[in-house]
Structures are given as structure tokens and as C-alpha cells.
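Engineer: Enclosed is the structure file entry20.cif (mmCIF, N, CA and C atoms, pLDDT in the B column; chains and numbers go by the auth columns).
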data_my_file
#
loop_
_atom_site.group_PDB
_atom_site.id
_atom_site.type_symbol
_atom_site.label_atom_id
_atom_site.label_comp_id
_atom_site.label_asym_id
_atom_site.label_seq_id
_atom_site.Cartn_x
_atom_site.Cartn_y
_atom_site.Cartn_z
_atom_site.B_iso_or_equiv
_atom_site.auth_seq_id
_atom_site.auth_asym_id
ATOM 1 N N MET A 1 36.927 1.361 91.646 90.00 31 Y
ATOM 2 C CA MET A 1 36.525 1.541 90.272 90.00 31 Y
ATOM 3 C C MET A 1 35.595 2.769 90.202 90.00 31 Y
ATOM 4 N N PRO A 2 35.864 3.676 89.259 95.00 32 Y
ATOM 5 C CA PRO A 2 35.013 4.867 89.174 95.00 32 Y
ATOM 6 C C PRO A 2 33.655 4.541 88.545 95.00 32 Y
ATOM 7 N N ALA A 3 32.674 5.343 88.817 95.00 33 Y
ATOM 8 C CA ALA A 3 31.327 5.150 88.276 95.00 33 Y
ATOM 9 C C ALA A 3 31.319 5.474 86.774 95.00 33 Y
ATOM 10 N N PRO A 4 30.560 4.727 85.994 94.00 34 Y
ATOM 11 C CA PRO A 4 30.515 5.016 84.546 94.00 34 Y
ATOM 12 C C PRO A 4 29.814 6.352 84.291 94.00 34 Y
ATOM 13 N N PRO A 5 30.151 6.978 83.173 95.00 35 Y
ATOM 14 C CA PRO A 5 29.497 8.262 82.877 95.00 35 Y
ATOM 15 C C PRO A 5 28.003 8.047 82.594 95.00 35 Y
ATOM 16 N N PRO A 6 27.203 9.034 82.867 95.00 36 Y
ATOM 17 C CA PRO A 6 25.761 8.881 82.644 95.00 36 Y
ATOM 18 C C PRO A 6 25.444 8.735 81.155 95.00 36 Y
ATOM 19 N N ILE A 7 24.411 7.980 80.881 95.00 37 Y
ATOM 20 C CA ILE A 7 24.001 7.745 79.493 95.00 37 Y
ATOM 21 C C ILE A 7 23.174 8.938 79.024 95.00 37 Y
ATOM 22 N N VAL A 8 23.579 9.488 77.892 93.00 38 Y
ATOM 23 C CA VAL A 8 22.852 10.621 77.330 93.00 38 Y
ATOM 24 C C VAL A 8 22.028 10.091 76.148 93.00 38 Y
ATOM 25 N N MET A 9 20.722 10.158 76.261 89.00 39 Y
ATOM 26 C CA MET A 9 19.836 9.688 75.201 89.00 39 Y
ATOM 27 C C MET A 9 19.694 10.773 74.137 89.00 39 Y
ATOM 28 N N PRO A 10 19.620 10.390 72.869 81.00 40 Y
ATOM 29 C CA PRO A 10 19.458 11.395 71.812 81.00 40 Y
ATOM 30 C C PRO A 10 18.056 12.010 71.867 81.00 40 Y
ATOM 31 N N LYS A 11 17.953 13.223 71.356 80.00 41 Y
ATOM 32 C CA LYS A 11 16.667 13.909 71.344 80.00 41 Y
ATOM 33 C C LYS A 11 15.786 13.309 70.243 80.00 41 Y
ATOM 34 N N VAL A 12 14.539 13.126 70.539 80.00 42 Y
ATOM 35 C CA VAL A 12 13.622 12.527 69.566 80.00 42 Y
ATOM 36 C C VAL A 12 12.913 13.580 68.729 80.00 42 Y
ATOM 37 N N GLU A 13 13.233 14.846 68.933 82.00 43 Y
ATOM 38 C CA GLU A 13 12.593 15.917 68.182 82.00 43 Y
ATOM 39 C C GLU A 13 13.022 15.913 66.719 82.00 43 Y
ATOM 40 N N ASP A 14 14.259 15.525 66.428 75.00 44 Y
ATOM 41 C CA ASP A 14 14.799 15.607 65.079 75.00 44 Y
ATOM 42 C C ASP A 14 14.632 14.317 64.278 75.00 44 Y
ATOM 43 N N VAL A 15 14.030 13.316 64.850 74.00 45 Y
ATOM 44 C CA VAL A 15 13.882 12.035 64.169 74.00 45 Y
ATOM 45 C C VAL A 15 12.703 12.122 63.203 74.00 45 Y
ATOM 46 N N PRO A 16 12.909 11.799 61.901 73.00 46 Y
ATOM 47 C CA PRO A 16 11.788 11.863 60.952 73.00 46 Y
ATOM 48 C C PRO A 16 10.803 10.727 61.191 73.00 46 Y
ATOM 49 N N GLN A 17 9.579 10.936 60.827 75.00 47 Y
ATOM 50 C CA GLN A 17 8.542 9.924 60.968 75.00 47 Y
ATOM 51 C C GLN A 17 8.740 8.838 59.915 75.00 47 Y
ATOM 52 N N TYR A 18 8.570 7.599 60.310 75.00 48 Y
ATOM 53 C CA TYR A 18 8.682 6.482 59.368 75.00 48 Y
ATOM 54 C C TYR A 18 7.464 6.433 58.460 75.00 48 Y
ATOM 55 N N GLU A 19 6.296 6.663 59.000 77.00 49 Y
ATOM 56 C CA GLU A 19 5.055 6.642 58.236 77.00 49 Y
ATOM 57 C C GLU A 19 4.703 8.067 57.820 77.00 49 Y
ATOM 58 N N ASP A 20 5.059 8.448 56.605 84.00 50 Y
ATOM 59 C CA ASP A 20 4.677 9.750 56.102 84.00 50 Y
ATOM 60 C C ASP A 20 4.021 9.577 54.733 84.00 50 Y
ATOM 61 N N THR A 21 3.461 10.639 54.209 87.00 51 Y
ATOM 62 C CA THR A 21 2.697 10.538 52.967 87.00 51 Y
ATOM 63 C C THR A 21 3.590 10.266 51.761 87.00 51 Y
ATOM 64 N N VAL A 22 4.797 10.795 51.747 87.00 52 Y
ATOM 65 C CA VAL A 22 5.698 10.571 50.613 87.00 52 Y
ATOM 66 C C VAL A 22 6.079 9.098 50.540 87.00 52 Y
ATOM 67 N N ARG A 23 6.380 8.513 51.675 87.00 53 Y
ATOM 68 C CA ARG A 23 6.749 7.093 51.709 87.00 53 Y
ATOM 69 C C ARG A 23 5.573 6.210 51.293 87.00 53 Y
ATOM 70 N N LYS A 24 4.368 6.547 51.751 90.00 54 Y
ATOM 71 C CA LYS A 24 3.186 5.771 51.364 90.00 54 Y
ATOM 72 C C LYS A 24 2.938 5.873 49.869 90.00 54 Y
ATOM 73 N N ASP A 25 3.117 7.067 49.302 93.00 55 Y
ATOM 74 C CA ASP A 25 2.938 7.236 47.856 93.00 55 Y
ATOM 75 C C ASP A 25 3.958 6.425 47.077 93.00 55 Y
ATOM 76 N N GLN A 26 5.194 6.359 47.562 93.00 56 Y
ATOM 77 C CA GLN A 26 6.231 5.570 46.885 93.00 56 Y
ATOM 78 C C GLN A 26 5.905 4.082 46.952 93.00 56 Y
ATOM 79 N N ILE A 27 5.410 3.622 48.081 93.00 57 Y
ATOM 80 C CA ILE A 27 5.059 2.207 48.229 93.00 57 Y
ATOM 81 C C ILE A 27 3.889 1.848 47.310 93.00 57 Y
ATOM 82 N N ILE A 28 2.893 2.722 47.246 95.00 58 Y
ATOM 83 C CA ILE A 28 1.736 2.472 46.383 95.00 58 Y
ATOM 84 C C ILE A 28 2.149 2.469 44.915 95.00 58 Y
ATOM 85 N N ALA A 29 3.019 3.394 44.508 96.00 59 Y
ATOM 86 C CA ALA A 29 3.487 3.445 43.120 96.00 59 Y
ATOM 87 C C ALA A 29 4.296 2.197 42.773 96.00 59 Y
ATOM 88 N N ALA A 30 5.128 1.739 43.692 95.00 60 Y
ATOM 89 C CA ALA A 30 5.917 0.530 43.446 95.00 60 Y
ATOM 90 C C ALA A 30 5.014 -0.697 43.331 95.00 60 Y
ATOM 91 N N GLN A 31 3.967 -0.762 44.150 94.00 61 Y
ATOM 92 C CA GLN A 31 3.028 -1.887 44.095 94.00 61 Y
ATOM 93 C C GLN A 31 2.250 -1.887 42.786 94.00 61 Y
ATOM 94 N N ARG A 32 1.833 -0.708 42.326 93.00 62 Y
ATOM 95 C CA ARG A 32 1.112 -0.618 41.050 93.00 62 Y
ATOM 96 C C ARG A 32 1.998 -1.030 39.881 93.00 62 Y
ATOM 97 N N ALA A 33 3.273 -0.632 39.930 93.00 63 Y
ATOM 98 C CA ALA A 33 4.200 -1.007 38.861 93.00 63 Y
ATOM 99 C C ALA A 33 4.422 -2.519 38.856 93.00 63 Y
ATOM 100 N N ALA A 34 4.530 -3.119 40.035 91.00 64 Y
ATOM 101 C CA ALA A 34 4.711 -4.567 40.117 91.00 64 Y
ATOM 102 C C ALA A 34 3.458 -5.290 39.640 91.00 64 Y
ATOM 103 N N ASP A 35 2.274 -4.764 39.952 88.00 65 Y
ATOM 104 C CA ASP A 35 1.028 -5.381 39.497 88.00 65 Y
ATOM 105 C C ASP A 35 0.889 -5.290 37.985 88.00 65 Y
ATOM 106 N N ALA A 36 1.351 -4.200 37.405 86.00 66 Y
ATOM 107 C CA ALA A 36 1.256 -4.033 35.955 86.00 66 Y
ATOM 108 C C ALA A 36 2.181 -5.002 35.219 86.00 66 Y
ATOM 109 N N LYS A 37 3.309 -5.336 35.804 85.00 67 Y
ATOM 110 C CA LYS A 37 4.263 -6.243 35.173 85.00 67 Y
ATOM 111 C C LYS A 37 3.880 -7.705 35.349 85.00 67 Y
ATOM 112 N N ARG A 38 3.062 -7.983 36.343 83.00 68 Y
ATOM 113 C CA ARG A 38 2.708 -9.358 36.660 83.00 68 Y
ATOM 114 C C ARG A 38 1.719 -9.895 35.624 83.00 68 Y
ATOM 115 N N LYS A 39 1.938 -11.115 35.176 76.00 69 Y
ATOM 116 C CA LYS A 39 1.027 -11.760 34.246 76.00 69 Y
ATOM 117 C C LYS A 39 0.247 -12.835 34.980 76.00 69 Y
ATOM 118 N N GLY A 40 -0.994 -12.928 34.623 74.00 70 Y
ATOM 119 C CA GLY A 40 -1.836 -13.942 35.225 74.00 70 Y
ATOM 120 C C GLY A 40 -1.959 -15.155 34.330 74.00 70 Y
ATOM 121 N N ARG A 41 -2.708 -16.123 34.781 70.00 71 Y
ATOM 122 C CA ARG A 41 -2.888 -17.357 34.035 70.00 71 Y
ATOM 123 C C ARG A 41 -3.652 -17.113 32.738 70.00 71 Y
ATOM 124 N N ALA A 42 -4.624 -16.231 32.762 66.00 72 Y
ATOM 125 C CA ALA A 42 -5.452 -15.979 31.584 66.00 72 Y
ATOM 126 C C ALA A 42 -4.649 -15.328 30.462 66.00 72 Y
ATOM 127 N N SER A 43 -3.651 -14.544 30.785 68.00 73 Y
ATOM 128 C CA SER A 43 -2.884 -13.865 29.745 68.00 73 Y
ATOM 129 C C SER A 43 -1.849 -14.779 29.102 68.00 73 Y
ATOM 130 N N THR A 44 -1.571 -15.925 29.697 66.00 74 Y
ATOM 131 C CA THR A 44 -0.565 -16.809 29.128 66.00 74 Y
ATOM 132 C C THR A 44 -1.169 -17.952 28.316 66.00 74 Y
ATOM 133 N N ILE A 45 -2.482 -18.153 28.386 65.00 75 Y
ATOM 134 C CA ILE A 45 -3.129 -19.214 27.624 65.00 75 Y
ATOM 135 C C ILE A 45 -3.441 -18.672 26.227 65.00 75 Y
ATOM 136 N N LEU A 46 -2.955 -19.322 25.205 63.00 76 Y
ATOM 137 C CA LEU A 46 -3.097 -18.841 23.842 63.00 76 Y
ATOM 138 C C LEU A 46 -4.227 -19.573 23.118 63.00 76 Y
ATOM 139 N N THR A 47 -5.430 -19.382 23.540 60.00 77 Y
ATOM 140 C CA THR A 47 -6.568 -19.978 22.853 60.00 77 Y
ATOM 141 C C THR A 47 -7.420 -18.878 22.260 60.00 77 Y
ATOM 142 N N GLY A 48 -8.173 -19.242 21.239 56.00 78 Y
ATOM 143 C CA GLY A 48 -9.085 -18.296 20.647 56.00 78 Y
ATOM 144 C C GLY A 48 -8.524 -17.570 19.448 56.00 78 Y
ATOM 145 N N THR A 49 -7.233 -17.636 19.180 55.00 79 Y
ATOM 146 C CA THR A 49 -6.684 -16.891 18.054 55.00 79 Y
ATOM 147 C C THR A 49 -6.603 -17.757 16.795 55.00 79 Y
ATOM 148 N N GLY A 50 -6.366 -19.047 16.915 57.00 80 Y
ATOM 149 C CA GLY A 50 -6.194 -19.877 15.735 57.00 80 Y
ATOM 150 C C GLY A 50 -7.261 -20.932 15.563 57.00 80 Y
ATOM 151 N N LEU A 51 -8.354 -20.832 16.259 56.00 81 Y
ATOM 152 C CA LEU A 51 -9.399 -21.842 16.176 56.00 81 Y
ATOM 153 C C LEU A 51 -10.419 -21.465 15.108 56.00 81 Y
ATOM 154 N N ASN A 52 -10.914 -22.467 14.395 60.00 82 Y
ATOM 155 C CA ASN A 52 -11.942 -22.259 13.373 60.00 82 Y
ATOM 156 C C ASN A 52 -13.285 -22.681 13.928 60.00 82 Y
ATOM 157 N N ASP A 53 -14.355 -22.188 13.282 64.00 83 Y
ATOM 158 C CA ASP A 53 -15.695 -22.581 13.702 64.00 83 Y
ATOM 159 C C ASP A 53 -16.013 -24.011 13.276 64.00 83 Y
ATOM 160 N N SER A 54 -15.509 -24.421 12.126 66.00 84 Y
ATOM 161 C CA SER A 54 -15.758 -25.788 11.655 66.00 84 Y
ATOM 162 C C SER A 54 -14.473 -26.610 11.788 66.00 84 Y
ATOM 163 N N PRO A 55 -14.505 -27.684 12.539 63.00 85 Y
ATOM 164 C CA PRO A 55 -13.291 -28.489 12.700 63.00 85 Y
ATOM 165 C C PRO A 55 -12.988 -29.290 11.430 63.00 85 Y
ATOM 166 N N GLN A 56 -11.726 -29.550 11.172 65.00 86 Y
ATOM 167 C CA GLN A 56 -11.301 -30.337 10.026 65.00 86 Y
ATOM 168 C C GLN A 56 -11.345 -31.809 10.425 65.00 86 Y
ATOM 169 N N LEU A 57 -12.217 -32.561 9.788 67.00 87 Y
ATOM 170 C CA LEU A 57 -12.437 -33.957 10.190 67.00 87 Y
ATOM 171 C C LEU A 57 -11.486 -34.912 9.486 67.00 87 Y
ATOM 172 N N GLN A 58 -11.141 -34.671 8.241 71.00 88 Y
ATOM 173 C CA GLN A 58 -10.250 -35.557 7.516 71.00 88 Y
ATOM 174 C C GLN A 58 -8.866 -34.930 7.440 71.00 88 Y
ATOM 175 N N LEU A 59 -7.896 -35.652 7.958 69.00 89 Y
ATOM 176 C CA LEU A 59 -6.530 -35.178 7.924 69.00 89 Y
ATOM 177 C C LEU A 59 -5.773 -35.907 6.836 69.00 89 Y
ATOM 178 N N THR A 60 -5.003 -35.191 6.061 69.00 90 Y
ATOM 179 C CA THR A 60 -4.178 -35.839 5.042 69.00 90 Y
ATOM 180 C C THR A 60 -2.909 -36.336 5.711 69.00 90 Y
ATOM 181 N N THR A 61 -2.405 -37.458 5.208 71.00 91 Y
ATOM 182 C CA THR A 61 -1.174 -38.021 5.762 71.00 91 Y
ATOM 183 C C THR A 61 -0.003 -37.589 4.918 71.00 91 Y
ATOM 184 N N LEU A 62 1.173 -37.901 5.361 71.00 92 Y
ATOM 185 C CA LEU A 62 2.364 -37.562 4.607 71.00 92 Y
ATOM 186 C C LEU A 62 2.525 -38.427 3.364 71.00 92 Y
ATOM 187 N N LEU A 63 1.837 -39.572 3.305 71.00 93 Y
ATOM 188 C CA LEU A 63 1.962 -40.464 2.159 71.00 93 Y
ATOM 189 C C LEU A 63 0.999 -40.111 1.031 71.00 93 Y
ATOM 190 N N GLY A 64 0.262 -39.034 1.175 60.00 94 Y
ATOM 191 C CA GLY A 64 -0.601 -38.566 0.095 60.00 94 Y
ATOM 192 C C GLY A 64 -1.966 -39.211 0.099 60.00 94 Y
ATOM 193 N N GLY A 65 -2.534 -39.569 1.235 52.00 95 Y
ATOM 194 C CA GLY A 65 -3.796 -40.251 1.352 52.00 95 Y
ATOM 195 C C GLY A 65 -4.958 -39.449 1.105 52.00 95 Y
#
As C-alpha cells, how would this structure be written, given the file I've shared?
Structural biologist:
Amino acid sequence: MPAPPPIVMPKVEDVPQYEDTVRKDQIIAAQRAADAKRKGRASTILTGTGLNDSPQLQLTTLLGG
């Protein structure tokens, strides 16, 4: 059986860096956009818009009381 051909490894000079400034800026921009779209608990509670200072103590019934 003949010997297998030698393994030729690719050159690492032409490989782009995974961690670069453009990629970090894109990740930060995507995170800010996701944070802006996210709603918290405080923004979904609808209190304070329809409340009066004096509560209504006597409620009228449907029978005209």
C-alpha cells in the first residue's frame, strides 16, 4: 500500500479576525435595538391615567337606585 500524500495546512495569514471593531459595533447596535423594543413590567401596567383623587362611594345600580 502506498503512503498517503502529506497533509497541506492552509495559510493562516489570509484568515480574517473574528473579533474586530466592525463586528463589535454591529453586536452593540443589535443589542441596543433589542433593548429599545423590549417592554418592562412598569410600561405594561395601566395605572394612574383614569384614577380620581376622590373615590366614588355610592354606586348606582341598573334598577335605578
Engineer: How far is it from atom N of Asp65 of chain Y to atom CA of Pro46 of chain Y, in Å with one decimal?
Structural biologist: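 Separation of atom N of Asp65 of chain Y and atom CA of Pro46 of chain Y: 28.4 Å.
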Engineer: Can you work out the spacing between atom CA of Ala60 of chain Y and atom C of Val42 of chain Y in Å, to one decimal?
Structural biologist: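 These atoms are spaced 29.3 Å apart.
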Engineer: Quick one, how far is atom CA of Lys69 of chain Y from atom CA of Asp55 of chain Y?
Structural biologist: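 A separation of 23.4 Å between them.
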Engineer: Output, as AutoDock Vina command-line options, the centre and edge lengths in Å (one decimal) of the axis-aligned box that contains all listed atoms of segment 35-44 of chain Y with 8 Å of margin on each side.
Structural biologist:
--center_x 21.4 --center_y 11.4 --center_z 73.7 --size_x 33.6 --size_y 24.9 --size_z 34.9
